[in-house]
There are 2 protein chains.
Amino acid sequence: MFSADLKRGSMELLILSSLEGCTRHGYEIGKLLEHRSGGQLEFRVSTLYSVLYRMEERGWIKGRWVEKKGERRRCYYKLTRKGERILVDQRKEWKAFSTMVNQVIGVSHA
Amino acid sequence: MFSADLKRGSMELLILSSLEGCTRHGYEIGKLLEHRSGGQLEFRVSTLYSVLYRMEERGWIKGRWVEKKGERRRCYYKLTRKGERILVDQRKEWKAFSTMVNQVIGVSHA
DNA sequence: GCAATATGCTTCGCGTTACGAAGTATCGTC
DNA sequence: GACGATACTTCGTAACGCGAAGCATATTGC
């Protein structure tokens, strides 16, 4: 399990990327990301949903409630145009940042 | 400039790594990391020093005040044994985390 | 000689955010 | 009908990066 501080900068990015090109509900997003990370990432429900609410408030994603009989009620989220742009930006920022950190903390400062 | 949240998980690691095998004072650490990052990283003084105080309180680093005439007073920090271990751990955690995130947000989920 | 700039450190309050805890409710299965 | 998985909600807390303001000394340029 990674430290909360480490996750801070990438929660949104991870969730946004899970919605790229498809529609998913909250619980599904959590399970998917846990799976894609090979179990390394554990999502806390309180964190997961609060991030989703925050992103919807900001207009990055749009939720739609679906209630079918024989199924639990679920809120399916999809990226908005804005969300797609934010995803591109955040992915770029993450790549630049992680590359930079890896360079700086590398041992090659002889 | 990277977002504050992104930096959250790596401030300590960056500073620890700047003290690997040498002794430096606060201002110097800031400038060094800005330089090593090619100017991408900007250190806020309030952040920099508060991280240093925190790390000293935790016993990761040890500061020593030096006052020479003709020079400003400076506090030189060095890694403690514990700090060296933390650096190793944090570096490992960072590598694992950044690799994981890069995999998960990669577009190859066809 | 004196202003401007760089160096070097300190303290305080704020806003954001991941998390724990507790709760509600439905569905499958043994 | 007990138990676990599914699915979502709300609230309070602690940690941390940062802006702002301040203090003090050295160097540079006019």
# chains A, B, ... in the order shown; residues from 1 in each chain; ligands from 1

call {"tool": "select_by_dssp", "arguments": {"residues": "chain B", "states": "strand (DSSP E)", "output": "list in words"}}
result
Arg24, His25, Ile61, Lys62, Gly63, Arg64, Trp65, Val66, Arg74, Cys75, Tyr76, Tyr77, Lys78 and Leu79 of chain B

call {"tool": "write_last_selection", "arguments": {"atoms": "C-alpha atoms", "output": "PDB file, in the first residue's frame"}}
result
ATOM      1  CA  ARG B  24      24.196  21.072   2.766  1.00  0.00           C
ATOM      2  CA  HIS B  25      22.319  24.025   4.173  1.00  0.00           C
ATOM      3  CA  ILE B  61      18.506  14.491   9.297  1.00  0.00           C
ATOM      4  CA  LYS B  62      20.675  16.378  11.749  1.00  0.00           C
ATOM      5  CA  GLY B  63      21.376  20.101  11.490  1.00  0.00           C
ATOM      6  CA  ARG B  64      24.473  21.946  12.648  1.00  0.00           C
ATOM      7  CA  TRP B  65      24.720  25.724  12.827  1.00  0.00           C
ATOM      8  CA  VAL B  66      27.822  27.292  11.362  1.00  0.00           C
ATOM      9  CA  ARG B  74      23.698  28.691   7.983  1.00  0.00           C
ATOM     10  CA  CYS B  75      22.364  25.401   9.229  1.00  0.00           C
ATOM     11  CA  TYR B  76      24.060  22.474   7.551  1.00  0.00           C
ATOM     12  CA  TYR B  77      22.112  19.248   7.418  1.00  0.00           C
ATOM     13  CA  LYS B  78      23.294  15.708   7.010  1.00  0.00           C
ATOM     14  CA  LEU B  79      21.503  12.390   6.809  1.00  0.00           C
TER      15      LEU B  79
END

call {"tool": "interface_residues", "arguments": {"of": "chain D", "to": "chain A", "cutoff": "10 Å", "atoms": "only C-alpha atoms (C1' of nucleotides)", "output": "PyMOL selection string"}}
result
chain D and resi 6-10+15-16

call {"tool": "atom_distance", "arguments": {"atom1": "CA of Ile86 (chain B)", "atom2": "CA of Met100 (chain B)"}}
result
20.6 Å

call {"tool": "closest_atom_pairs", "arguments": {"of": "chain C", "to": "chain B", "cutoff": "10 Å", "atoms": "only C-alpha atoms (C1' of nucleotides)", "output": "JSON lines"}}
result
{"residue": "C:DT7", "atom": "C1'", "partner": "B:Arg72", "partner_atom": "CA", "distance": 7.9}
{"residue": "C:DG8", "atom": "C1'", "partner": "B:Tyr27", "partner_atom": "CA", "distance": 6.5}
{"residue": "C:DC9", "atom": "C1'", "partner": "B:Arg74", "partner_atom": "CA", "distance": 8.0}
{"residue": "C:DT10", "atom": "C1'", "partner": "B:Ser46", "partner_atom": "CA", "distance": 8.7}
{"residue": "C:DT11", "atom": "C1'", "partner": "B:Ser46", "partner_atom": "CA", "distance": 9.1}
{"residue": "C:DT16", "atom": "C1'", "partner": "B:Asp5", "partner_atom": "CA", "distance": 8.4}
{"residue": "C:DT17", "atom": "C1'", "partner": "B:Asp5", "partner_atom": "CA", "distance": 8.5}

call {"tool": "interface_residues", "arguments": {"of": "chain A", "to": "chain B", "cutoff": "9 Å", "atoms": "only C-alpha atoms", "output": "VMD selection string"}}
result
chain A and resid 2 to 10 13 to 18 20 33 36 to 38 40 to 41 91 93 to 95 97 to 98 100 to 107

call {"tool": "write_last_selection", "arguments": {"atoms": "C-alpha atoms", "output": "JSON list (two decimals), in the first residue's frame"}}
result
[["chain", "number", "residue", "atom", "x", "y", "z"],
["A", 2, "PHE", "CA", 1.33, 3.39, -0.98],
["A", 3, "SER", "CA", 1.30, 6.41, 1.30],
["A", 4, "ALA", "CA", -1.60, 8.82, 1.12],
["A", 5, "ASP", "CA", 0.72, 11.67, 0.22],
["A", 6, "LEU", "CA", 2.12, 9.82, -2.71],
["A", 7, "LYS", "CA", -1.37, 9.19, -4.06],
["A", 8, "ARG", "CA", -2.44, 12.76, -3.64],
["A", 9, "GLY", "CA", -1.27, 14.00, -6.98],
["A", 10, "SER", "CA", -2.57, 11.14, -9.04],
["A", 13, "LEU", "CA", -5.60, 11.19, -13.08],
["A", 14, "LEU", "CA", -6.10, 7.51, -12.32],
["A", 15, "ILE", "CA", -9.86, 7.87, -12.15],
["A", 16, "LEU", "CA", -10.04, 10.04, -15.26],
["A", 17, "SER", "CA", -7.97, 7.52, -17.18],
["A", 18, "SER", "CA", -10.31, 4.72, -16.13],
["A", 20, "GLU", "CA", -11.34, 7.12, -21.08],
["A", 33, "LEU", "CA", -7.95, 0.32, -10.89],
["A", 36, "ARG", "CA", -4.98, -2.77, -13.38],
["A", 37, "SER", "CA", -2.42, -1.99, -10.69],
["A", 38, "GLY", "CA", -2.03, -5.67, -9.94],
["A", 40, "GLN", "CA", -0.94, -2.55, -5.56],
["A", 41, "LEU", "CA", -3.51, 0.20, -5.42],
["A", 91, "ARG", "CA", -1.25, 12.83, -18.08],
["A", 93, "GLU", "CA", 2.02, 16.81, -16.26],
["A", 94, "TRP", "CA", 2.40, 13.43, -14.58],
["A", 95, "LYS", "CA", 4.82, 12.17, -17.22],
["A", 97, "PHE", "CA", 6.86, 15.22, -13.19],
["A", 98, "SER", "CA", 7.70, 11.55, -12.76],
["A", 100, "MET", "CA", 11.91, 14.81, -13.54],
["A", 101, "VAL", "CA", 11.78, 13.22, -10.10],
["A", 102, "ASN", "CA", 13.39, 10.05, -11.37],
["A", 103, "GLN", "CA", 16.19, 12.10, -12.84],
["A", 104, "VAL", "CA", 16.72, 14.21, -9.76],
["A", 105, "ILE", "CA", 16.70, 11.36, -7.25],
["A", 106, "GLY", "CA", 18.84, 9.17, -9.50],
["A", 107, "VAL", "CA", 22.26, 8.49, -8.07]]

call {"tool": "atom_distance", "arguments": {"atom1": "CA of Lys68 (chain B)", "atom2": "CA of Thr80 (chain B)"}}
result
24.4 Å

call {"tool": "select_by_dssp", "arguments": {"residues": "region 1-82 of chain A", "states": "alpha helix (DSSP H)", "output": "number ranges by chain"}}
result
A: 4-8, 11-18, 26-36, 45-57, 81-82

call {"tool": "closest_residue", "arguments": {"among": "B:Trp60, B:Leu48, B:Gly70, B:Cys22", "to": "Gly83 (chain B)", "atoms": "only C-alpha atoms"}}
result
B:Trp60

call {"tool": "atom_distance", "arguments": {"atom1": "CA of Gln90 (chain B)", "atom2": "CA of Leu52 (chain B)"}}
result
16.0 Å

call {"tool": "decode", "arguments": {"residues": "region 82-100 of chain A", "atoms": "N, CA and C atoms", "output": "PDB file, in the first residue's frame"}}
result
ATOM      1  N   LYS A  82     -14.471  18.792 -21.212  1.00  0.00           N
ATOM      2  CA  LYS A  82     -13.496  19.384 -20.289  1.00  0.00           C
ATOM      3  C   LYS A  82     -12.660  18.300 -19.625  1.00  0.00           C
ATOM      4  N   GLY A  83     -13.330  17.244 -19.199  1.00  0.00           N
ATOM      5  CA  GLY A  83     -12.631  16.143 -18.547  1.00  0.00           C
ATOM      6  C   GLY A  83     -11.590  15.513 -19.449  1.00  0.00           C
ATOM      7  N   GLU A  84     -11.934  15.418 -20.719  1.00  0.00           N
ATOM      8  CA  GLU A  84     -10.972  14.852 -21.681  1.00  0.00           C
ATOM      9  C   GLU A  84      -9.729  15.726 -21.777  1.00  0.00           C
ATOM     10  N   ARG A  85      -9.970  17.029 -21.780  1.00  0.00           N
ATOM     11  CA  ARG A  85      -8.824  17.950 -21.840  1.00  0.00           C
ATOM     12  C   ARG A  85      -7.985  17.851 -20.577  1.00  0.00           C
ATOM     13  N   ILE A  86      -8.681  17.809 -19.432  1.00  0.00           N
ATOM     14  CA  ILE A  86      -7.966  17.704 -18.159  1.00  0.00           C
ATOM     15  C   ILE A  86      -7.143  16.421 -18.117  1.00  0.00           C
ATOM     16  N   LEU A  87      -7.715  15.355 -18.633  1.00  0.00           N
ATOM     17  CA  LEU A  87      -6.987  14.079 -18.667  1.00  0.00           C
ATOM     18  C   LEU A  87      -5.700  14.194 -19.466  1.00  0.00           C
ATOM     19  N   VAL A  88      -5.808  14.804 -20.643  1.00  0.00           N
ATOM     20  CA  VAL A  88      -4.619  15.010 -21.471  1.00  0.00           C
ATOM     21  C   VAL A  88      -3.566  15.830 -20.714  1.00  0.00           C
ATOM     22  N   ASP A  89      -4.042  16.923 -20.120  1.00  0.00           N
ATOM     23  CA  ASP A  89      -3.122  17.799 -19.384  1.00  0.00           C
ATOM     24  C   ASP A  89      -2.474  17.077 -18.203  1.00  0.00           C
ATOM     25  N   GLN A  90      -3.300  16.385 -17.424  1.00  0.00           N
ATOM     26  CA  GLN A  90      -2.779  15.735 -16.222  1.00  0.00           C
ATOM     27  C   GLN A  90      -1.838  14.596 -16.580  1.00  0.00           C
ATOM     28  N   ARG A  91      -2.140  13.906 -17.646  1.00  0.00           N
ATOM     29  CA  ARG A  91      -1.254  12.828 -18.079  1.00  0.00           C
ATOM     30  C   ARG A  91       0.103  13.414 -18.461  1.00  0.00           C
ATOM     31  N   LYS A  92       0.050  14.522 -19.192  1.00  0.00           N
ATOM     32  CA  LYS A  92       1.290  15.171 -19.612  1.00  0.00           C
ATOM     33  C   LYS A  92       2.082  15.666 -18.390  1.00  0.00           C
ATOM     34  N   GLU A  93       1.360  16.297 -17.463  1.00  0.00           N
ATOM     35  CA  GLU A  93       2.019  16.810 -16.263  1.00  0.00           C
ATOM     36  C   GLU A  93       2.631  15.658 -15.455  1.00  0.00           C
ATOM     37  N   TRP A  94       1.895  14.587 -15.323  1.00  0.00           N
ATOM     38  CA  TRP A  94       2.399  13.434 -14.576  1.00  0.00           C
ATOM     39  C   TRP A  94       3.665  12.872 -15.207  1.00  0.00           C
ATOM     40  N   LYS A  95       3.641  12.709 -16.516  1.00  0.00           N
ATOM     41  CA  LYS A  95       4.816  12.166 -17.222  1.00  0.00           C
ATOM     42  C   LYS A  95       6.027  13.055 -16.977  1.00  0.00           C
ATOM     43  N   ALA A  96       5.842  14.350 -17.150  1.00  0.00           N
ATOM     44  CA  ALA A  96       6.935  15.294 -16.954  1.00  0.00           C
ATOM     45  C   ALA A  96       7.432  15.240 -15.512  1.00  0.00           C
ATOM     46  N   PHE A  97       6.482  15.210 -14.598  1.00  0.00           N
ATOM     47  CA  PHE A  97       6.858  15.220 -13.185  1.00  0.00           C
ATOM     48  C   PHE A  97       7.607  13.952 -12.791  1.00  0.00           C
ATOM     49  N   SER A  98       7.067  12.809 -13.168  1.00  0.00           N
ATOM     50  CA  SER A  98       7.699  11.553 -12.756  1.00  0.00           C
ATOM     51  C   SER A  98       9.071  11.391 -13.408  1.00  0.00           C
ATOM     52  N   THR A  99       9.190  11.830 -14.640  1.00  0.00           N
ATOM     53  CA  THR A  99      10.485  11.791 -15.309  1.00  0.00           C
ATOM     54  C   THR A  99      11.492  12.675 -14.575  1.00  0.00           C
ATOM     55  N   MET A 100      11.041  13.863 -14.236  1.00  0.00           N
ATOM     56  CA  MET A 100      11.907  14.814 -13.538  1.00  0.00           C
ATOM     57  C   MET A 100      12.358  14.256 -12.197  1.00  0.00           C
TER      58      MET A 100
END
